[in-house]
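K.L.:
First the structure, then my questions, so here it is.
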Amino acid sequence: MKKFAVVLSGCGVFDGAEIHEATLSMLAIAKKGCSYELFAPDIDQHHVINHITGEEMDETRNVLIESARIARGHITDLDKFNPAEFDGLLFPGGFGAAKNLSTWAFEKANATVLPGVEKAINGMVSLKKPVGALCISPVLLARILGEVHLTIGDDEGTIDAIESLGTKHVYTTHGEVVVDPEHNLVTTPCYMLDATIDQIAEGAYNVVDAMIKMMD
């Protein structure tokens, strides 16, 4: 049975992992007859957002603890991730990828990426194992790997930023994936487009399907 590692960045689109993308990715993995283990970094979130008002709240939350909400408590510190133990690595989107796993939301092409995230991605790429990324999370691949092929939908500001890093952006629509065969990357836009939950499910399924084909 093929085994995926799924990296979460909190719980909630505006300050953590996008919950639809996270859960539908897990569902896609299970429906394809594979297993998964969830990971998140043991760090404080950049900030906490009220998801009703969009306003910042005066409190501190931990990314690993918040991610455990989605994981139903079964989650591991990202620092313990070993690429040799997994067949694929998957990143759902949500602003947590750009605020907690990296500083992309604030520094764009000059962003730094959390060392544990960079280590995980480089480890999988060096072993020629597939890495999937949904929504905004492909910016992590662009920042770490540079000259790769991927998609983040149609947001021109984000496209300009990743292309400044040498990344080739491919425009896509709902459910479509972009495969970089040289680096074994699979990306899809999800909520970087104006999407519905069934379109998110399609994108997640297609990413997982493409990743599995790379594992054969």
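Labels used: A, B, ... for chains in the order of the structure tokens, numbers from 1 for residues in each chain, and numbers from 1 for ligands as shown.
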Show me, as a PDB file with C-alpha atoms, in the first residue's frame, the residues that have an atom within 6 Å of region 36-38 of chain A when counting only C-alpha atoms, minus same-chain residues fewer than 5 positions from it.
P.N.:
ATOM      1  CA  LYS A   3       1.733   5.850   1.875  1.00  0.00           C
ATOM      2  CA  PHE A   4       1.314   9.623   1.731  1.00  0.00           C
ATOM      3  CA  ALA A   5       2.501  12.274   4.143  1.00  0.00           C
ATOM      4  CA  VAL A   6       0.120  15.249   4.315  1.00  0.00           C
ATOM      5  CA  VAL A   7       1.468  18.480   5.805  1.00  0.00           C
ATOM      6  CA  ILE A  75      -0.644  13.983  13.913  1.00  0.00           C
TER       7      ILE A  75
END
K.L.:
Give the strand (DSSP E) residues of region 1-140 of chain A, as assigned by DSSP on the backbone, as a count of residues only.
P.N.:
25
K.L.:
Excluding same-chain residues fewer than 3 positions from Gly96 (chain A), what lies within 9 Å of it counting only C-alpha atoms, as a PyMOL selection string?
P.N.:
chain A and resi 8-18+45-46+63+93+99-102+137
K.L.:
Just N, CA and C atoms for this one: save the residues we selected as a compact mmCIF listing (two decimals), in the first residue's frame.
P.N.:
# COMPACT_ATOMS: atom_id res chain seq x y z
N LEU A 8 -0.04 19.77 7.20
CA LEU A 8 -1.02 20.80 7.51
C LEU A 8 -0.34 22.03 8.10
N SER A 9 -1.05 23.15 8.06
CA SER A 9 -0.46 24.43 8.49
C SER A 9 -1.35 25.16 9.47
N GLY A 10 -2.18 24.41 10.20
CA GLY A 10 -3.15 25.00 11.11
C GLY A 10 -4.54 24.51 10.76
N CYS A 11 -5.56 25.26 11.15
CA CYS A 11 -6.94 24.84 10.95
C CYS A 11 -7.81 26.04 10.60
N GLY A 12 -8.01 26.25 9.30
CA GLY A 12 -8.83 27.37 8.85
C GLY A 12 -8.14 28.15 7.74
N VAL A 13 -8.89 28.50 6.72
CA VAL A 13 -8.31 29.05 5.49
C VAL A 13 -7.49 30.32 5.71
N PHE A 14 -7.90 31.19 6.61
CA PHE A 14 -7.27 32.51 6.70
C PHE A 14 -6.01 32.53 7.55
N ASP A 15 -5.80 31.52 8.38
CA ASP A 15 -4.59 31.50 9.20
C ASP A 15 -3.98 30.11 9.32
N GLY A 16 -4.50 29.15 8.57
CA GLY A 16 -4.00 27.78 8.66
C GLY A 16 -4.27 27.00 7.39
N ALA A 17 -4.48 25.70 7.53
CA ALA A 17 -4.78 24.85 6.38
C ALA A 17 -6.23 25.04 5.94
N GLU A 18 -6.46 25.01 4.64
CA GLU A 18 -7.82 25.07 4.09
C GLU A 18 -8.47 23.71 4.37
N GLN A 45 1.35 29.96 15.29
CA GLN A 45 0.84 30.57 14.07
C GLN A 45 1.34 32.01 13.97
N HIS A 46 1.40 32.51 12.74
CA HIS A 46 1.77 33.92 12.56
C HIS A 46 0.79 34.82 13.30
N VAL A 63 0.49 25.75 15.63
CA VAL A 63 0.14 25.14 14.34
C VAL A 63 -0.11 23.64 14.49
N GLY A 93 -3.73 23.65 0.62
CA GLY A 93 -3.52 25.09 0.64
C GLY A 93 -4.03 25.74 1.91
N LYS A 99 1.70 31.83 5.52
CA LYS A 99 1.94 32.58 6.75
C LYS A 99 2.70 31.79 7.81
N ASN A 100 2.48 30.48 7.85
CA ASN A 100 3.10 29.64 8.87
C ASN A 100 4.22 28.76 8.33
N LEU A 101 3.98 28.16 7.16
CA LEU A 101 5.02 27.32 6.56
C LEU A 101 6.06 28.16 5.83
N SER A 102 5.71 29.41 5.56
CA SER A 102 6.63 30.33 4.89
C SER A 102 6.20 31.75 5.21
N SER A 137 -0.20 26.63 -1.94
CA SER A 137 1.00 25.94 -1.47
C SER A 137 2.06 25.67 -2.55
K.L.:
For each of A:Ser35, A:Thr151, A:Asn206, A:Asn184, take the minimum atom-to-atom distance to Phe86 (chain A), counting only C-alpha atoms, then give the residue where this is smallest.
P.N.:
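Selected residue with least distance to Phe86 (chain A): A:Ser35.
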K.L.:
CA of Ala210 (chain A) and CA of Ala133 (chain A) are how many Å apart?
P.N.:
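About the pair CA of Ala210 (chain A) and CA of Ala133 (chain A): they are 11.8 Å apart.
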K.L.:
I want to know what sits within 12 Å of Glu85 (chain A), based on only C-alpha atoms, with residues of the same chain fewer than 2 positions away left out; could you give that as a list in words?
P.N.:
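What passes the distance filter is Lys2, Lys3, Phe4, Ala5, Tyr36, Glu37, Lys80, Phe81, Asn82, Pro83, Asp87, Gly88, Leu89, Ala120, Gly123, Met124, Leu127 and Lys129 of chain A.
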K.L.:
Could you list, as JSON, numbers by chain, every residue within 10 Å of Leu145 (chain A), counting only C-alpha atoms and ignoring same-chain residues fewer than 4 positions away?
P.N.:
{"A": [118, 121, 122, 125, 139, 140, 141, 165, 166, 167, 183]}
